[in-house]
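Trainee: File coords34.cif below, mmCIF, C-alpha atoms:
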```
data_entry
loop_
_atom_site.label_atom_id
_atom_site.label_comp_id
_atom_site.auth_asym_id
_atom_site.auth_seq_id
_atom_site.Cartn_x
_atom_site.Cartn_y
_atom_site.Cartn_z
CA MET G 2 -168.77 100.97 38.87
CA ASP G 3 -167.11 103.89 37.08
CA SER G 4 -164.10 105.59 38.57
CA PRO G 5 -164.86 108.93 40.25
CA LEU G 6 -162.13 110.33 37.99
CA ALA G 7 -163.66 109.07 34.73
CA ASP G 8 -165.00 112.48 33.70
CA VAL G 9 -161.99 114.49 34.91
CA ALA G 10 -159.97 116.27 32.21
CA ASP G 11 -156.48 114.97 31.50
CA GLU G 12 -154.86 118.20 32.66
CA ASP G 13 -156.65 117.93 36.01
CA LEU G 14 -155.66 114.28 36.30
CA MET G 15 -152.03 115.18 35.73
CA GLN G 16 -152.25 117.86 38.43
CA ARG G 17 -153.81 115.32 40.79
CA TYR G 18 -151.01 112.89 39.97
CA ARG G 19 -148.46 115.64 40.59
CA ASP G 20 -150.08 116.12 44.00
CA GLY G 21 -149.82 112.41 44.87
CA ASP G 22 -152.94 110.71 43.44
CA ALA G 23 -151.60 107.50 41.84
CA GLY G 24 -155.08 106.59 40.58
CA ALA G 25 -154.99 109.69 38.38
CA PHE G 26 -151.86 108.36 36.68
CA ASP G 27 -153.50 104.98 36.11
CA LEU G 28 -156.39 106.65 34.32
CA LEU G 29 -154.07 108.83 32.20
CA TYR G 30 -152.13 105.73 31.22
CA ALA G 31 -155.30 103.84 30.33
CA ARG G 32 -156.56 106.73 28.21
CA HIS G 33 -153.37 107.31 26.24
CA GLN G 34 -151.37 104.07 26.11
CA GLY G 35 -152.85 102.72 22.87
CA GLY G 36 -152.60 105.84 20.77
CA LEU G 37 -149.16 106.74 22.09
CA TYR G 38 -147.79 103.27 21.41
CA ARG G 39 -149.19 103.20 17.87
CA TYR G 40 -147.74 106.66 17.21
CA ILE G 41 -144.27 105.57 18.34
CA ALA G 42 -144.45 102.16 16.65
CA ARG G 43 -145.26 103.75 13.32
CA LEU G 44 -142.27 106.06 13.59
CA VAL G 45 -139.66 103.44 14.46
CA SER G 46 -138.97 100.21 12.63
CA GLU G 47 -138.16 97.83 15.48
CA ARG G 48 -140.74 96.63 17.96
CA GLY G 49 -138.20 96.49 20.79
CA VAL G 50 -137.17 100.08 20.14
CA ALA G 51 -140.81 101.21 20.05
CA GLU G 52 -141.43 99.53 23.41
CA GLU G 53 -138.29 101.10 24.87
CA VAL G 54 -139.25 104.58 23.67
CA PHE G 55 -142.82 104.06 24.91
CA GLN G 56 -141.59 103.13 28.39
CA ASP G 57 -139.11 106.02 28.40
CA VAL G 58 -141.89 108.50 27.64
CA TRP G 59 -143.96 107.26 30.59
CA MET G 60 -140.91 107.26 32.87
CA ASN G 61 -140.12 110.83 31.78
CA LEU G 62 -143.69 111.76 32.62
CA VAL G 63 -143.32 110.22 36.07
CA ARG G 64 -140.07 112.12 36.64
CA ALA G 65 -141.57 115.41 35.39
CA ARG G 66 -144.73 115.23 37.47
CA ALA G 67 -143.40 117.43 40.29
CA THR G 68 -142.84 120.34 37.90
CA TYR G 69 -145.95 119.87 35.75
CA THR G 70 -148.00 122.97 35.05
CA VAL G 71 -150.81 123.25 32.55
CA GLN G 72 -149.51 125.14 29.52
CA ALA G 73 -151.26 123.11 26.82
CA LYS G 74 -153.53 120.11 26.54
CA PHE G 75 -152.10 117.09 28.33
CA SER G 76 -152.06 115.09 25.08
CA THR G 77 -149.93 117.81 23.47
CA TYR G 78 -147.54 117.64 26.43
CA LEU G 79 -147.37 113.83 26.28
CA TYR G 80 -146.87 113.61 22.53
CA ARG G 81 -144.25 116.37 22.64
CA MET G 82 -142.34 114.19 25.11
CA ALA G 83 -142.72 111.25 22.71
CA HIS G 84 -141.61 113.34 19.73
CA ASN G 85 -138.52 114.48 21.61
CA ARG G 86 -137.69 110.95 22.74
CA VAL G 87 -137.98 109.58 19.19
CA ILE G 88 -135.77 112.41 17.90
CA ASP G 89 -133.22 111.69 20.65
CA TYR G 90 -133.15 108.03 19.67
CA PHE G 91 -132.46 108.81 16.03
CA ARG G 92 -129.88 111.47 16.84
CA ARG G 93 -127.82 108.73 18.43
CA GLY G 94 -127.14 107.44 14.93
CA LYS G 95 -130.18 105.35 14.20
CA GLN G 96 -131.96 105.83 10.89
CA MET G 97 -135.69 106.51 11.10
CA GLN G 98 -137.77 103.96 9.26
CA MET G 99 -141.46 103.39 9.20
CA ALA G 100 -142.50 100.16 10.84
CA SER G 101 -143.27 97.55 8.24
CA PHE G 102 -146.23 95.25 8.52
CA ASP G 103 -145.60 92.10 6.53
CA HIS G 104 -148.71 90.18 5.59
CA ASP G 105 -147.56 87.14 7.57
CA SER G 106 -146.50 89.13 10.61
CA GLU G 107 -148.29 88.60 13.89
CA GLU G 108 -147.80 92.33 14.46
CA ASP G 109 -149.81 93.27 11.39
CA PRO G 110 -152.64 95.42 12.76
CA LEU G 111 -154.83 94.38 9.87
CA HIS G 112 -154.65 90.76 11.02
CA THR G 113 -155.88 91.72 14.46
CA LEU G 114 -159.04 93.43 13.27
CA PRO G 115 -162.08 91.56 14.52
CA ALA G 116 -164.15 89.93 11.85
CA ASP G 117 -167.63 91.34 11.51
CA ALA G 118 -170.08 88.55 10.80
CA SER G 119 -172.32 90.96 8.88
CA VAL G 120 -169.56 91.65 6.34
CA ASN G 121 -169.19 89.15 3.54
CA PRO G 122 -165.78 87.56 2.87
CA GLU G 123 -165.27 89.54 -0.35
CA ARG G 124 -165.71 92.81 1.54
CA GLN G 125 -163.34 91.61 4.26
CA VAL G 126 -160.64 90.86 1.68
CA SER G 127 -161.21 94.22 0.03
CA ALA G 128 -161.00 96.03 3.38
CA ARG G 129 -157.73 94.24 4.20
CA GLN G 130 -156.29 95.17 0.82
CA GLN G 131 -157.33 98.79 1.31
CA GLY G 132 -155.82 98.80 4.79
CA THR G 133 -152.57 97.31 3.53
CA ARG G 134 -152.42 99.90 0.74
CA LEU G 135 -153.05 102.71 3.21
CA LEU G 136 -150.26 101.49 5.52
CA GLU G 137 -147.90 101.33 2.54
CA LEU G 138 -148.78 104.90 1.59
CA ILE G 139 -148.30 106.11 5.17
CA ALA G 140 -144.88 104.43 5.23
CA GLN G 141 -143.91 106.31 2.06
CA LEU G 142 -144.75 109.74 3.47
CA PRO G 143 -141.85 112.00 4.39
CA GLU G 144 -141.12 111.75 8.10
CA ALA G 145 -142.55 115.15 9.06
CA GLN G 146 -145.79 114.57 7.13
CA ARG G 147 -146.18 111.06 8.56
CA GLU G 148 -145.70 112.38 12.09
CA ALA G 149 -148.31 115.13 11.61
CA LEU G 150 -150.79 112.59 10.23
CA LEU G 151 -150.16 110.13 13.08
CA LEU G 152 -150.61 112.86 15.69
CA ARG G 153 -153.96 113.73 14.15
CA GLU G 154 -155.13 110.14 13.74
CA GLU G 155 -153.64 108.48 16.84
CA ALA G 156 -153.79 111.35 19.32
CA GLY G 157 -156.76 113.23 17.88
CA MET G 158 -154.75 116.45 17.80
CA GLY G 159 -155.68 119.54 15.85
CA VAL G 160 -153.24 121.64 13.84
CA GLU G 161 -152.31 123.91 16.76
CA GLU G 162 -151.57 120.94 19.02
CA ILE G 163 -149.54 119.22 16.30
CA ALA G 164 -147.49 122.40 15.95
CA GLN G 165 -146.85 122.50 19.69
CA ALA G 166 -146.02 118.80 19.91
CA THR G 167 -143.52 118.93 17.04
CA GLY G 168 -142.05 122.36 17.77
CA VAL G 169 -143.04 124.04 14.52
CA ASP G 170 -145.32 126.95 13.71
CA ARG G 171 -149.01 126.46 12.98
CA GLU G 172 -148.70 127.00 9.23
CA THR G 173 -145.92 124.41 8.92
CA ALA G 174 -147.99 121.85 10.82
CA LYS G 175 -151.04 122.65 8.70
CA SER G 176 -149.03 122.32 5.50
CA ARG G 177 -147.51 118.98 6.55
CA LEU G 178 -150.90 117.60 7.39
CA ARG G 179 -152.48 118.90 4.17
CA TYR G 180 -149.71 117.38 2.01
CA ALA G 181 -149.92 114.05 3.83
CA VAL G 182 -153.67 113.80 3.38
CA ALA G 183 -153.41 114.81 -0.30
CA LYS G 184 -150.77 112.12 -0.95
CA LEU G 185 -152.89 109.49 0.76
CA GLU G 186 -155.98 110.52 -1.19
CA ARG G 187 -154.06 110.35 -4.49
CA GLY G 188 -152.61 106.97 -3.57
CA MET G 189 -156.00 105.54 -2.63
CA ARG G 190 -157.82 106.63 -5.82
CA GLY G 191 -159.47 103.62 -7.31
CA TRP G 192 -159.28 101.69 -4.03
CA TRP G 193 -162.48 103.14 -2.57
#
```
Translate the structure described by the file into structure tokens.
Mentor:
Amino acid sequence: MDSPLADVADEDLMQRYRDGDAGAFDLLYARHQGGLYRYIARLVSERGVAEEVFQDVWMNLVRARATYTVQAKFSTYLYRMAHNRVIDYFRRGKQMQMASFDHDSEEDPLHTLPADASVNPERQVSARQQGTRLLELIAQLPEAQREALLLREEAGMGVEEIAQATGVDRETAKSRLRYAVAKLERGMRGWW
């Protein structure tokens, strides 16, 4: 049976959580945990650090619930918290590096893709190679462009929301996203 909150907007869920509904938090967490973790993990190089930042973001959300007011989409609010937490981490003297996904690594997201029985082995190998190439290209993007791209792809944010989450104006966010996509398209020529 579906939760009675399943169709409730994130902003309303956060207000319900602010007002004491723990079930609303559970649903927010379920909706956003995967994308948020992938966003953070692709910005930091160490799995342990990514997990720490991920937990800190959720703890900050718990602490901030009493003062929450809707000023933007909830996802923008959440990813702005994550952006700030990642920046704080690197201001403490850590150097930002893109997470690397070695081919033999258990953490390689390409190794966790389910095999589709309808796809022949040659296509599966080709898809893995394309995925590996794409991850390499994403890792090579300048930090600001990579972040804009990850916010669009992992959080489903539009340009305005990316601008709000990263604290830049709309045109800067749009430019970062445009340059990131153009670099990826150039890098993938001949692979598709």
Trainee: Report, in Å with one decimal, the straight-line distance from atom CA of G:Val9 to atom CA of G:Glu161.
Mentor: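 Separation of atom CA of G:Val9 and atom CA of G:Glu161: 22.6 Å.
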Trainee: Under the PyMOL selection byres ((chain G and resi 36) around 9), which residues of this model are included? Write them out as a PDB file with C-alpha atoms, in the frame of the given file.
Mentor:
```
ATOM      1  CA  ARG G  32    -156.560 106.730  28.210  1.00  0.00           C
ATOM      2  CA  HIS G  33    -153.370 107.310  26.240  1.00  0.00           C
ATOM      3  CA  GLN G  34    -151.370 104.070  26.110  1.00  0.00           C
ATOM      4  CA  GLY G  35    -152.850 102.720  22.870  1.00  0.00           C
ATOM      5  CA  LEU G  37    -149.160 106.740  22.090  1.00  0.00           C
ATOM      6  CA  TYR G  38    -147.790 103.270  21.410  1.00  0.00           C
ATOM      7  CA  ARG G  39    -149.190 103.200  17.870  1.00  0.00           C
ATOM      8  CA  TYR G  40    -147.740 106.660  17.210  1.00  0.00           C
ATOM      9  CA  ILE G  41    -144.270 105.570  18.340  1.00  0.00           C
ATOM     10  CA  LEU G 152    -150.610 112.860  15.690  1.00  0.00           C
ATOM     11  CA  GLU G 154    -155.130 110.140  13.740  1.00  0.00           C
ATOM     12  CA  GLU G 155    -153.640 108.480  16.840  1.00  0.00           C
ATOM     13  CA  ALA G 156    -153.790 111.350  19.320  1.00  0.00           C
ATOM     14  CA  GLY G 157    -156.760 113.230  17.880  1.00  0.00           C
TER      15      GLY G 157
END
```
Trainee: Atom CA of G:Tyr80 and atom CA of G:Val58, how far apart in Å?
Mentor: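 Taking atom CA of G:Val58 as the start and atom CA of G:Tyr80 as the end point, the length is 8.8 Å.
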Trainee: Considering all atoms listed in the file, can you say which of G:Ile163, G:Ala65, G:Met158, G:Leu142 comes closest to G:Tyr180?
Mentor: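 For G:Tyr180, the nearest of the given residues is G:Leu142.
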Trainee: Take the PyMOL selection byres ((chain G and resi 25) around 9), run it mentally on this structure, and tell me the resulting residues as an NGL selection string.
Mentor: :G and (6 or 11 or 13-18 or 21-24 or 26-30)
Trainee: In Å, how far is it from atom CA of G:Leu151 to atom CA of G:Asn61?
Mentor: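 Between these atoms lies a distance of 21.2 Å.
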Trainee: Skip G:Gln141 itself and residues of its chain fewer than 2 positions away, then list as a PDB file with C-alpha atoms, in the frame of the given file all residues within 12 Å of it, counting only C-alpha atoms.
Mentor:
```
ATOM      1  CA  ARG G  43    -145.260 103.750  13.320  1.00  0.00           C
ATOM      2  CA  LEU G  44    -142.270 106.060  13.590  1.00  0.00           C
ATOM      3  CA  GLN G  98    -137.770 103.960   9.260  1.00  0.00           C
ATOM      4  CA  MET G  99    -141.460 103.390   9.200  1.00  0.00           C
ATOM      5  CA  ALA G 100    -142.500 100.160  10.840  1.00  0.00           C
ATOM      6  CA  SER G 101    -143.270  97.550   8.240  1.00  0.00           C
ATOM      7  CA  ARG G 134    -152.420  99.900   0.740  1.00  0.00           C
ATOM      8  CA  LEU G 135    -153.050 102.710   3.210  1.00  0.00           C
ATOM      9  CA  LEU G 136    -150.260 101.490   5.520  1.00  0.00           C
ATOM     10  CA  GLU G 137    -147.900 101.330   2.540  1.00  0.00           C
ATOM     11  CA  LEU G 138    -148.780 104.900   1.590  1.00  0.00           C
ATOM     12  CA  ILE G 139    -148.300 106.110   5.170  1.00  0.00           C
ATOM     13  CA  PRO G 143    -141.850 112.000   4.390  1.00  0.00           C
ATOM     14  CA  GLU G 144    -141.120 111.750   8.100  1.00  0.00           C
ATOM     15  CA  ALA G 145    -142.550 115.150   9.060  1.00  0.00           C
ATOM     16  CA  GLN G 146    -145.790 114.570   7.130  1.00  0.00           C
ATOM     17  CA  ARG G 147    -146.180 111.060   8.560  1.00  0.00           C
ATOM     18  CA  GLU G 148    -145.700 112.380  12.090  1.00  0.00           C
ATOM     19  CA  ALA G 181    -149.920 114.050   3.830  1.00  0.00           C
ATOM     20  CA  LYS G 184    -150.770 112.120  -0.950  1.00  0.00           C
ATOM     21  CA  LEU G 185    -152.890 109.490   0.760  1.00  0.00           C
ATOM     22  CA  GLY G 188    -152.610 106.970  -3.570  1.00  0.00           C
TER      23      GLY G 188
END
```
Trainee: Nearest to G:Val169: which of G:Arg19, G:Arg92, G:Arg81, G:Arg187 is it, counting only C-alpha atoms?
Mentor: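 Result for the nearest residue to G:Val169: G:Arg81.
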Trainee: With 5 Å of padding per side, what axis-aligned box (centre and edge lengths, Å, one decimal) covers all the listed atoms of stretch 19-33 of chain G? Give it as JSON.
Mentor:
```
{"center_x": -152.5, "center_y": 110.0, "center_z": 35.6, "size_x": 18.1, "size_y": 22.3, "size_z": 28.6}
```
Trainee: Selected by the PyMOL selection byres ((chain G and resi 71) around 10) in the shown coordinates: which residues, as a PyMOL selection string?
Mentor: chain G and resi 12-13+15-16+69-70+72-75+78
Trainee: For a quick check of understanding, using all atoms listed in the file, which of G:Ala31, G:Gly159, G:Val63, G:Ala166 has the smallest distance to G:Ala83?
Mentor: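 Of G:Ala31, G:Gly159, G:Val63, G:Ala166, the one nearest G:Ala83 is G:Ala166, counting all atoms listed in the file.
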Trainee: Just want the 7 Å neighbourhood of stretch 172-174 of chain G, counted on all atoms listed in the file, with same-chain residues fewer than 3 positions away dropped. Output as JSON, numbers by chain.
Mentor: {"G": [149, 160, 163, 164, 169, 177, 178]}
